[in-house]
Every structure is written in structure tokens, then in C-alpha cells.
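Visitor: Mind having a look at this structure? Questions to follow.
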Amino acid sequence: MFSIVVDSMESISQKMSIKELLDILTDDIAFFQGLENLTLLKGLMVILVITIVILIWVYRNKKLTNEKSKEKIEIFKRNKKYIENLFVELNDSKECLRYFSYKKRWAHRIIRDFNNLFNDYNGEMLKEAFHSYDVKFEIDGIKDITKIISIMENTNNFIEKLHNREIDIPEKYSESLLKHQIFSNGYKEPIETLIKRAICCNSKYIVLTGSAGNGKTNLLCSFSEQVMRRKCRCIFLNGRDIENEIESYFWRQISVPKIIGDVEKRFGIVKLIWRIMVCLSLKPTFIVIDAINENNDKVFLKKLPAFLNELLSIHNINVIVACRSEYYELRYKDILENQINNRPCCVNLVEGEYNNAAIDRLFRVYSEEFNYKNEICYSVKKRLSEQLLLMRLFFETYQNSSIQINDLNIHQLYDQYITKISRGEKSKVNQYLNEIVAIMLKQKDYSTVDSSKISTENKNGYSLIEGNILVSQTLIRNPDSLLSEEIEAVYFVFDEMRDYCIAKYKMKQMQSGRSDGFPTNFQICKFIGELESEKAVCLEGVVNYIYREGKKRKNNELCSLLLNNYITSIEKTGYQYYTNDGLGRDMRLIFDSIEHLLPCEEDYIYNIMANGSYDACPSLFTYLVEQEINGGNNTLEIFLVCLKKATNTETLSAVIQRAISGWNDKHIKINDFEKIDRVLCSKEAERLKRFRKIEILTIGLLDWEGRDNLLSYIQNSEENIDELIDELVNEYKLK
């Protein structure tokens with residue numbers, strides 16, 4: 001422990017020499033000696049008082065720091081951004097953070113789970129057959145987490161090679177182990193989960209990513225409360241509130257008394273004491289920074305890497321930073337990863353997809369809480385389960401109702417929510433929201449608006465909607481003020497609601513005087529181009545709203561412009577953001593409504609199928625098959641219609657081959673067809689018929705081992721197979 005303190009002091013000494021630290025008390029004594037009204041004794045007494053204050057602060061620091069964090073979490077609770085106890089974590093993201101919080105003390109859990117993984121018949125066979133290989137199926141007597149990770153990664157690589165037939169099987173086991181070559185990837189996913197948890201154990205720094213409203217804040221609040229219950233120190237910061245002088249802001253969050261912080265050198269020794277105190281603590285300190293992407297201040301972003309590096313250099317300090325995944329790769333990866341000395345462990349909430357049972361359980365809890373008395377269709381459930389704030393907004397809007405929702409028109413939902421919370425004063429609320437949006441657009445800052453800039457007549461709008469998840473108020477420190485005064489500011493609680501209000505306001509502004517009530521494509525593209533050039537955080541949400549409105553009006557030209565200029569331009573940077581469905585943001589935009597496909601959408605989808613990235617076509621095909629199985633709004637009819645754009649049989653065959661050749665284990669392969677067919681036999685006849693068409697096209701155009709078995713199965717179960725074949729021959733002009 002002494003060596004840790006020494007190392008920490010050496011790292012700190014880069015900013016403050018030992019001589020400077022020793023001179024601080026001397027400077028204070030000299031100051032008091034220079035005053036006629038104070039004797040040296042009185043000066044020493046004042047220093048003694050300051051020393052006592054510091055000691056008391058040291059003693060109470062953890063409690064004071066945690067109290068400030070609890071205050072911030074309480075604000076999230078009041079704004080309903082943190083729904084305590086209502087939401088139940090059903091994926092592995094929270095478990096990863098739990099391993100991160102307990103550190104190496106939970107290494108034994110990883111060893112136990114790894115050993116149990118191969119403690120079955122197949123595992124024993126693997127141990128026996130490959131005991132002479134450089135691979136371990138059991139970890140014993142190793143406590144170093146780095147070595148544990150290395151062993152598990154080596155085992156995972158071995159399993160993958162075995163699956164790919166890259167390893168020679170001993171002759172004695174060749175027949176019995178054949179199934180391991182085919183099914184050995186059953187071990188792969190559990191091992192990768194354990195590796196992820198082990199990396200979290202061994203990490204000081206985590207970057208938590210996820211799309212807007214899918215639970216980052218909820219998870220971080222829950223995590224912070226958990227570590228504080230364990231008597232750990234937790235400093236919870238909201239990226240939106242952090243000033244450009246991030247270091248000064250941070251030190252104010254640890255409750256430094258005014259008598260200590262007034263003098264710069266005196267404050268310096270307090271920093272040193274705090275660092276030593278953290279190093280000597282038996283429990284780790286956690287610094288949680290939420291919504292880092294909501295702070296676009298250039299000075300803040302420039303200073304952030306050095307600030308994080310300084311914190312991470314201190315023993316016992318651990319950092320979690322949350323960032324929207326839509327912006328991480330394009331804007332924040334360099335700041336949060338490339339410029340940081342400690343390599344982060346990235347935890348992506350998008351990867352934690354809910355299965356159908358989990359989604360049903362989640363909605364059962366919410367329906368009971370809000371007294372919603374109707375079944376919700378699969379597509380709506382799937383969409384809402386990705387964003388907790390959107391789910392909350394949905395149930396608040398339809399509380400105590402039994403209305404059937406088959407199409408989740410997000411923007412209609414926003415409008416209904418505003419209507420409900422306005423209490424008969426919707427026009428006043430809209431005026432208030434429009435003024436906030438107008439100020440945001442003028443200042444090109446979409447985080448907060450100074451309340452003093454809002455007109456007196458519109459300020460009453462806030463009182464009508466106070467306490468709801470629409471807008472909220474906060475205090476921010478004005479760095480440009482001589483007095484560094486705090487000002488009251490207002491902000492949108494839900495980013496997508498903000499984007500909706502911005503798009504709606506601007507569209508109405510641009511349509512002024514037009515007979516058809518809709519702006520020209522030129523006006524719309526000019527506005528979106530301006531947002532794109534300033535890298536506005538609201539760009540994607542604005543495009544989503546305008547696209548859906550354009551599709552509703554069957555404006556094929558506008559939708560084509562948006563798809564090809566403002567969606568694919570983001571993908572061309574080399575980063576493609578995927579939703580829980582495995583689709584890119586372009587496909588989500590197209591499938592977000594149940595409107596019939598526009599011609600530009602059919603062309604776009606076919607281009608993805610025929611020429612897209614190596615996993616775009618399999619992801620699309622898998623998504624549509626899952627929609628058929630679960631009764632979603634988007635069906636394989638989309639795939640079949642777009643297939644007709646193939647100009648010849650060779651191209652048609654190539655597209656179908658691409659659809660079933662995905663690299664991901666979750667992608668549907670040709671060997672899954674019979675199993676899916678049997679499931680669809682118990683569903684509606686039209687759903688089975690659409691899948692049967694895909695099966696017959698595959699049988700007729702492709703050749704593979706097992707083709708005859710699938711053909712025999714379909715012939716035995718399809719009475720009108722000849723009619724179906726004739727229909728396909730005519731539709732696709734097959735020979």
C-alpha cells in the first residue's frame with residue numbers, strides 16, 4: 001500500500017512540486033505575520049482551524065460526495081429518466097458493470113462458471129480427446145485475471161477452429177466428435193460472455209454506448225446506487241452540466257469547503273490529500289459521467305482526455321463514461337478511446353437484445369403499473385423495448401386505456417402526449433416549446449436554453465407541463481460571467497422529443513404561404529444540410545421525422561434524397577449503426593411505418609440485397625423471417641417484391657445466396673428452413689406461403705447438400721406445390 005501512495009504522489013508531482021507543497025503552510029504563516037492586527041499565535045490558530053476543517057472534510061468526504069451524487073439521481077427520478085424498481089434488467093450489460101464494480105474479487109465466479117461450462121458429457125469428452133493440446137477446459141490455481149482472460153481466449157479460439165474443421169481429431173474419437181465440428185459453437189457464446197465479464201473485472205475504464213432512450217441513464221443510476229450501498233465513493237456527473245473548465249467543476253463535486261478552496265495553493269494540498277485518501281481506501285472510487293455527447297463545448301472536449309488520463313492514473317479510481325452510439329464512432333471515439341492511456345472496455349447496450357419472453361415480462365410489468373388493458377402487437381413491443389423513455393411516454397399517453405396500437409407512429413405519439421399533459425392548454429404549451437426551439441436553432445446549441453431568454457408570456461407554459469418527461473429545468477454555471485453566476489436553464493428530457501419539436505417547428509416555418517401545406521424539397525434539403533454542416537446532435541431525429549412525413553405524403557423524390565444523401569452518407573464513413581433487429585438506420589427508417597413501400601424504397605432495398613455490405617442482405621432476410629414468425633408488420637412480401645428487380649436468373653440466384661450466407665450465428669441459414677417451416681405451419685396460411693416461396697426459389701436456383709431432403713419435406717406437406725411453382729415461374733420469369 002505504501003508503494004501505491006508513493007507512486008500516486010510521484011504522478012501528482014508533475015503538476016505540483018514537493019517544494020511547492022511544503023511552502024503552502026509557510027506562505028499562510030507569512031501572510032498572517034504581515035498583518036498588524038494578527039499575532040503569529042492567532043495566525044497559527046487560523047491555520048489550525050483550517051487543518052481541522054480539512055480533517056473533518058477528509059472524514060466526511062465520502063458521505064458528502066455520495067450525497068451530491070444522490071441529489072443528481074433524485075433529479076433523474078423526478079424527471080422519470082430513472083425508473084427505480086419498475087424496469088428489470090434482463091440482459092448482460094448490468095452484470096458486466098457489476099463485475100466492473102467488484103473487480104478481481106469476482107474472478108472466482110468467472111473461474112467457477114468456466115469450469116462448469118465443460119463439466120458435462122461433451123465437455124468431458126473434449127478434455128479426454130484433446131488433453132495433449134495447448135488448450136485448457138478447466139482453470140485451477142490461477143488468480144491473475146489477465147492470465148484467466150488469456151486462457152479463455154485460447155479456449156475460445158480452439159473451439160472455433162474445431163467448429164471450422166481446422167483441427168485434426170484423434171482417430172479414436174473421430175466419429176463421436178463429429179458433432180463437435182458442427183455444434184461446438186454452443187460453447188462459444190458463453191465463453192465470450194465470460195471473457196467480457198473478465199475484461200470488465202480487469203478494467204479501470206468503461207465506455208457505455210447505446211442509442212437514445214435505451215437505458216444508459218437508467219443503468220448508470222442503478223449502478224451508482226449499488227456501489228454507494230456498498231460504501232464506495234461515487235461521483236456522478238451529467239455531461240450536459242459540465243462546464244468547459246472540467247477540472248474546476250469536478251473538484252466542486254467533492255464538496256471542498258469554501259475556507260479551503262479560496263486559496264489556490266491551499267486547494268492544491270487538498271487535492272493531494274484527496275488523491276492519497278482515495279489510494280489508501282479499502283474500497284474503489286467510481287466516477288460516472290453520463291451523456292457525454294450532450295456537451296459539445298469545444299474547450300470541454302479538448303480538455304476531457306487530459307482530465308480522464310489524470311484520474312485514471314490514480315490507483316483505486318475507476319471511470320464510466322456514457323455516450324450515444326450514433327455519435328461515438330464518428331465524433332467521440334478519438335476523444336474517449338484513442339487519446340486515453342487506458343484502453344476502455346466498451347459495453348454496448350444495443351448488443352443486449354431482449355428475447356420474446358423478456359419483452360413479454362417487461363410489458364406485463366409496465367401494463368400493470370399504468371393500467372393499460374390491451375395486447376400490444378409484436379412490432380410495437382419490439383420498438384418500445386429498445387428505448388425506456390419512449391416506453392414510459394407510451395404508457396403515460398395510454399394510461400387507463402384499452403386502445404389497440406398496431407402501428408407505432410412515433411410522431412403521432414409525441415403529439416398525443418403533449419395534448420395529454422397540456423391539460424387543455426395545448427396552444428400555450430406549443431408556443432412555449434416553439435420559442436425554446438427557435439432559441440436553440442439561433443444559438444446552434446441544442447442542449448439547454450437560458451430561461452431568461454424566454455419571453456414572459458411563454459414562461460407560463462412550463463408550469464403547465466412541469467413534472468413530466470417533456471422539458472425540465474436545471475442550474476448551470478455561466479463561465480462568461482464575471483461573477484461566475486449560476487443561471488436557470490430549460491432542456492428537453494427526451495432527445496427524440498426535442499428532435500421532433502425542432503423538425504415540426506421548422507417544417508411549419510418553411511411551409512408558410514404554400515398552397516399544398518408542405519415545404520419544397522429544396523427548402524428541406526437546405527435546412528438538413530445546415531444541420532449536417534454544424535454536426536448538430538438533432539440531425540438524425542429531424543431526418544426521421546421529415547422522412548416519415550414525406551412517406552405519408554408519398555413524396556418519392558424527397559424520400560429518395562433523404563435516403564441517399566443524409567442516411568447513406570453517414571454509413572459511407574465506415575461505421576454502420578445497427579439496431580437490435582440487426583438493421584442499419586436506413587432500413588429502420590423504411591420499416592418504421594406500415595405504409596406501402598415507395599418506388600425509391602424498393603430500389604434502395606434491392607440495392608442492399610444485391611450490392612450491400614457482406615452482412616446487410618442476411619440481416620434483412622433474418623429480420624423479415626423473424627417478423628413472419630412473430631406476426632410483425634413487415635413481412636417477406638417485401639423481400640419477394642424486391643427480388644423481382646433482378647434482371648436475370650443468375651442475379652436472382654446470387655441475391656438468394658447472399659441472403660442465406662451471413663457470417664453471424666444469428667443469421668438464418670439454409671439448414672434452418674425446415675425448422676422455420678414447421679413453426680410457420682401453426683401460423684396464418686399467408687405467412688407460411690410467403691416463406692414457402694422463398695424455399696422453392698432456393699431449391700430451384702441453388703444446389704447444396706440436403707436440398708433433396710427439403711424438397712421432399714415440402715412435397716409431402718404442400719398439396720398445391722405445382723400451383724405455387726407455376727406462380728413463381730410467372731412472377732420471376734423463370735425457365
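Chain labels A, B, ... are given in the sequence in which chains occur in the C-alpha cells; within each chain residues are numbered consecutively from 1, and ligands are likewise numbered from 1 in the order shown.
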Taking 5 positions as the minimum chain separation for residues in the same chain, which residues sit within 9 Å of range 705-712 of chain A when counting only C-alpha atoms? Answer as a ChimeraX atom specification.
Guide: /A:671,673-674,695-696,698-699,717
Visitor: Could you pull out the residues in range 353-502 of chain A that DSSP calls strand (DSSP E or B) from the backbone, as a list in words?
Guide: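 Written out, the strand (DSSP E or B) residues of range 353-502 of chain A are Val449, Asp450, Val471, Ser472, Gln473, Thr474, Leu475, Ile476, Arg477, Glu486, Ile487, Glu488, Ala489, Val490, Tyr491 and Phe492 of chain A.
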Visitor: Tell me, in Å to one decimal, how far CA of Ile670 in chain A is from CA of Ser174 in chain A.
Guide: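 Result for CA of Ile670 in chain A versus CA of Ser174 in chain A: 25.9 Å, one decimal.
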Visitor: In Å, how far is it from CA of Leu598 in chain A to CA of Lys554 in chain A?
Guide: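 Separation between CA of Leu598 in chain A and CA of Lys554 in chain A: 7.0 Å.
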Visitor: Find the residues around range 392-404 of chain A up to 6 Å (only C-alpha atoms counted), leave out those fewer than 3 positions away in its own chain, and share them as a list in words.
Guide: Phe370, Asn371, Tyr372, Lys373, Asn374, Leu389 and Tyr417 of chain A
Visitor: Those residues with N, CA, C and O atoms, as a PDB file, in the first residue's frame please?
Guide:
ATOM      1  N   PHE A 370     -49.382   0.957 -15.285  1.00  0.00           N
ATOM      2  CA  PHE A 370     -50.131   2.062 -15.891  1.00  0.00           C
ATOM      3  C   PHE A 370     -51.561   1.678 -16.285  1.00  0.00           C
ATOM      4  O   PHE A 370     -52.246   2.455 -16.951  1.00  0.00           O
ATOM      5  N   ASN A 371     -51.995   0.486 -15.870  1.00  0.00           N
ATOM      6  CA  ASN A 371     -53.370   0.048 -16.089  1.00  0.00           C
ATOM      7  C   ASN A 371     -53.747   0.108 -17.574  1.00  0.00           C
ATOM      8  O   ASN A 371     -54.802   0.613 -17.946  1.00  0.00           O
ATOM      9  N   TYR A 372     -52.854  -0.402 -18.412  1.00  0.00           N
ATOM     10  CA  TYR A 372     -53.139  -0.481 -19.849  1.00  0.00           C
ATOM     11  C   TYR A 372     -53.737  -1.852 -20.127  1.00  0.00           C
ATOM     12  O   TYR A 372     -53.118  -2.878 -19.826  1.00  0.00           O
ATOM     13  N   LYS A 373     -54.945  -1.887 -20.730  1.00  0.00           N
ATOM     14  CA  LYS A 373     -55.713  -3.125 -20.802  1.00  0.00           C
ATOM     15  C   LYS A 373     -55.897  -3.629 -22.229  1.00  0.00           C
ATOM     16  O   LYS A 373     -57.012  -3.858 -22.676  1.00  0.00           O
ATOM     17  N   ASN A 374     -54.804  -3.807 -22.932  1.00  0.00           N
ATOM     18  CA  ASN A 374     -54.911  -4.413 -24.259  1.00  0.00           C
ATOM     19  C   ASN A 374     -53.578  -5.042 -24.628  1.00  0.00           C
ATOM     20  O   ASN A 374     -52.542  -4.676 -24.085  1.00  0.00           O
ATOM     21  N   LEU A 389     -37.335   5.425 -22.205  1.00  0.00           N
ATOM     22  CA  LEU A 389     -38.082   6.675 -22.107  1.00  0.00           C
ATOM     23  C   LEU A 389     -39.271   6.673 -23.064  1.00  0.00           C
ATOM     24  O   LEU A 389     -40.341   7.181 -22.733  1.00  0.00           O
ATOM     25  N   TYR A 417     -49.060  12.811 -26.579  1.00  0.00           N
ATOM     26  CA  TYR A 417     -48.508  13.005 -25.236  1.00  0.00           C
ATOM     27  C   TYR A 417     -48.566  14.480 -24.836  1.00  0.00           C
ATOM     28  O   TYR A 417     -48.965  14.810 -23.710  1.00  0.00           O
TER      29      TYR A 417
END
Visitor: Neighbouring residues of Ile528 in chain A were defined as those with any atom within 9 Å, considering only C-alpha atoms; residues of the same chain fewer than 3 positions away were excluded. Please report them as a PDB file with N, CA and C atoms, in the first residue's frame.
Guide:
ATOM      1  N   GLN A 523     -36.038  23.417 -49.983  1.00  0.00           N
ATOM      2  CA  GLN A 523     -36.026  24.039 -48.650  1.00  0.00           C
ATOM      3  C   GLN A 523     -35.635  23.024 -47.579  1.00  0.00           C
ATOM      4  N   ILE A 524     -36.223  21.836 -47.689  1.00  0.00           N
ATOM      5  CA  ILE A 524     -35.958  20.800 -46.684  1.00  0.00           C
ATOM      6  C   ILE A 524     -34.492  20.381 -46.710  1.00  0.00           C
ATOM      7  N   CYS A 525     -33.965  20.117 -47.900  1.00  0.00           N
ATOM      8  CA  CYS A 525     -32.572  19.664 -48.013  1.00  0.00           C
ATOM      9  C   CYS A 525     -31.602  20.760 -47.589  1.00  0.00           C
ATOM     10  N   LEU A 531     -27.865  21.604 -40.765  1.00  0.00           N
ATOM     11  CA  LEU A 531     -27.676  20.817 -39.541  1.00  0.00           C
ATOM     12  C   LEU A 531     -26.487  19.879 -39.685  1.00  0.00           C
ATOM     13  N   GLU A 532     -26.341  19.286 -40.870  1.00  0.00           N
ATOM     14  CA  GLU A 532     -25.239  18.360 -41.109  1.00  0.00           C
ATOM     15  C   GLU A 532     -23.895  19.078 -41.046  1.00  0.00           C
ATOM     16  N   SER A 533     -23.822  20.284 -41.620  1.00  0.00           N
ATOM     17  CA  SER A 533     -22.554  21.020 -41.642  1.00  0.00           C
ATOM     18  C   SER A 533     -22.109  21.451 -40.250  1.00  0.00           C
ATOM     19  N   LEU A 539     -29.663  16.047 -35.815  1.00  0.00           N
ATOM     20  CA  LEU A 539     -29.775  15.757 -37.244  1.00  0.00           C
ATOM     21  C   LEU A 539     -30.561  14.481 -37.524  1.00  0.00           C
ATOM     22  N   VAL A 542     -34.325  14.705 -36.694  1.00  0.00           N
ATOM     23  CA  VAL A 542     -35.025  15.585 -37.635  1.00  0.00           C
ATOM     24  C   VAL A 542     -35.265  14.869 -38.954  1.00  0.00           C
ATOM     25  N   VAL A 543     -34.249  14.168 -39.460  1.00  0.00           N
ATOM     26  CA  VAL A 543     -34.391  13.416 -40.714  1.00  0.00           C
ATOM     27  C   VAL A 543     -35.468  12.345 -40.568  1.00  0.00           C
ATOM     28  N   TYR A 566     -28.566  11.715 -46.817  1.00  0.00           N
ATOM     29  CA  TYR A 566     -28.398  12.005 -45.402  1.00  0.00           C
ATOM     30  C   TYR A 566     -28.426  10.772 -44.510  1.00  0.00           C
TER      31      TYR A 566
END
Visitor: Please list as a list in words every residue within 10 Å of Phe621 in chain A, counting only C-alpha atoms and excluding residues in the same chain fewer than 5 positions away.
Guide: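 Here the qualifying residues turn out to be Met609, Ala616, Glu626, Gln627, Thr635, Leu636, Ile638, Phe639, Ile656, Arg658, Ala659, Ile660, Gly662, His667, Ile668 and Lys669 of chain A.
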Visitor: Which value, in Å to one decimal, gives the distance between CA of Lys136 in chain A and CA of Ala107 in chain A?
Guide: 16.8 Å
Visitor: Would you mind telling me which residue in A:Asn122, A:Asn79, A:Gln473, A:Asn356 lies nearest to Ile629 in chain A when using only C-alpha atoms?
Guide: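 Nearest to Ile629 in chain A: A:Asn356.
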Visitor: My list of candidates is A:Glu375, A:Glu67, A:Glu601, A:Glu294. Which is closest to Ile235 in chain A when distances are computed with only C-alpha atoms?
Guide: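 Of A:Glu375, A:Glu67, A:Glu601, A:Glu294, the one nearest Ile235 in chain A, counting only C-alpha atoms, is A:Glu67.
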Visitor: Go through A:Cys681, A:Asp603, A:Gly517, A:His131 one by one, measure the shortest atom-to-atom distance of each to Arg553 in chain A using only C-alpha atoms, and give the residue with the smallest value.
Guide: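 Distance minimum relative to Arg553 in chain A lands on A:Gly517.
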Visitor: When you look at Met587 in chain A with a cut-off of 9 Å (counting only C-alpha atoms), what residues show up, excluding the ones that are within fewer than 5 positions of it in the same chain? I need them as a short mmCIF file (atom, residue, chain, number, x, y, z; two decimals) with C-alpha atoms, in the first residue's frame.
Guide:
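Once written, out-v8.cif looks like this:
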data_model
loop_
_atom_site.label_atom_id
_atom_site.label_comp_id
_atom_site.auth_asym_id
_atom_site.auth_seq_id
_atom_site.Cartn_x
_atom_site.Cartn_y
_atom_site.Cartn_z
CA ASP A 592 -40.69 2.41 -39.22
CA ILE A 605 -33.78 -2.33 -50.56
CA LEU A 620 -32.51 -8.04 -43.76
#
Visitor: I need the residue nearest Glu160 in chain A from this list: A:Ile191, A:Cys200, A:Leu220, A:Cys345. Use only C-alpha atoms for the distance.
Guide: A:Ile191
Visitor: From range 564-661 of chain A, collect each residue whose DSSP state is alpha helix (DSSP H) and return the set as number ranges by chain.
Guide: A: 568-571, 585-591, 599-611, 616-630, 637-643, 649-659
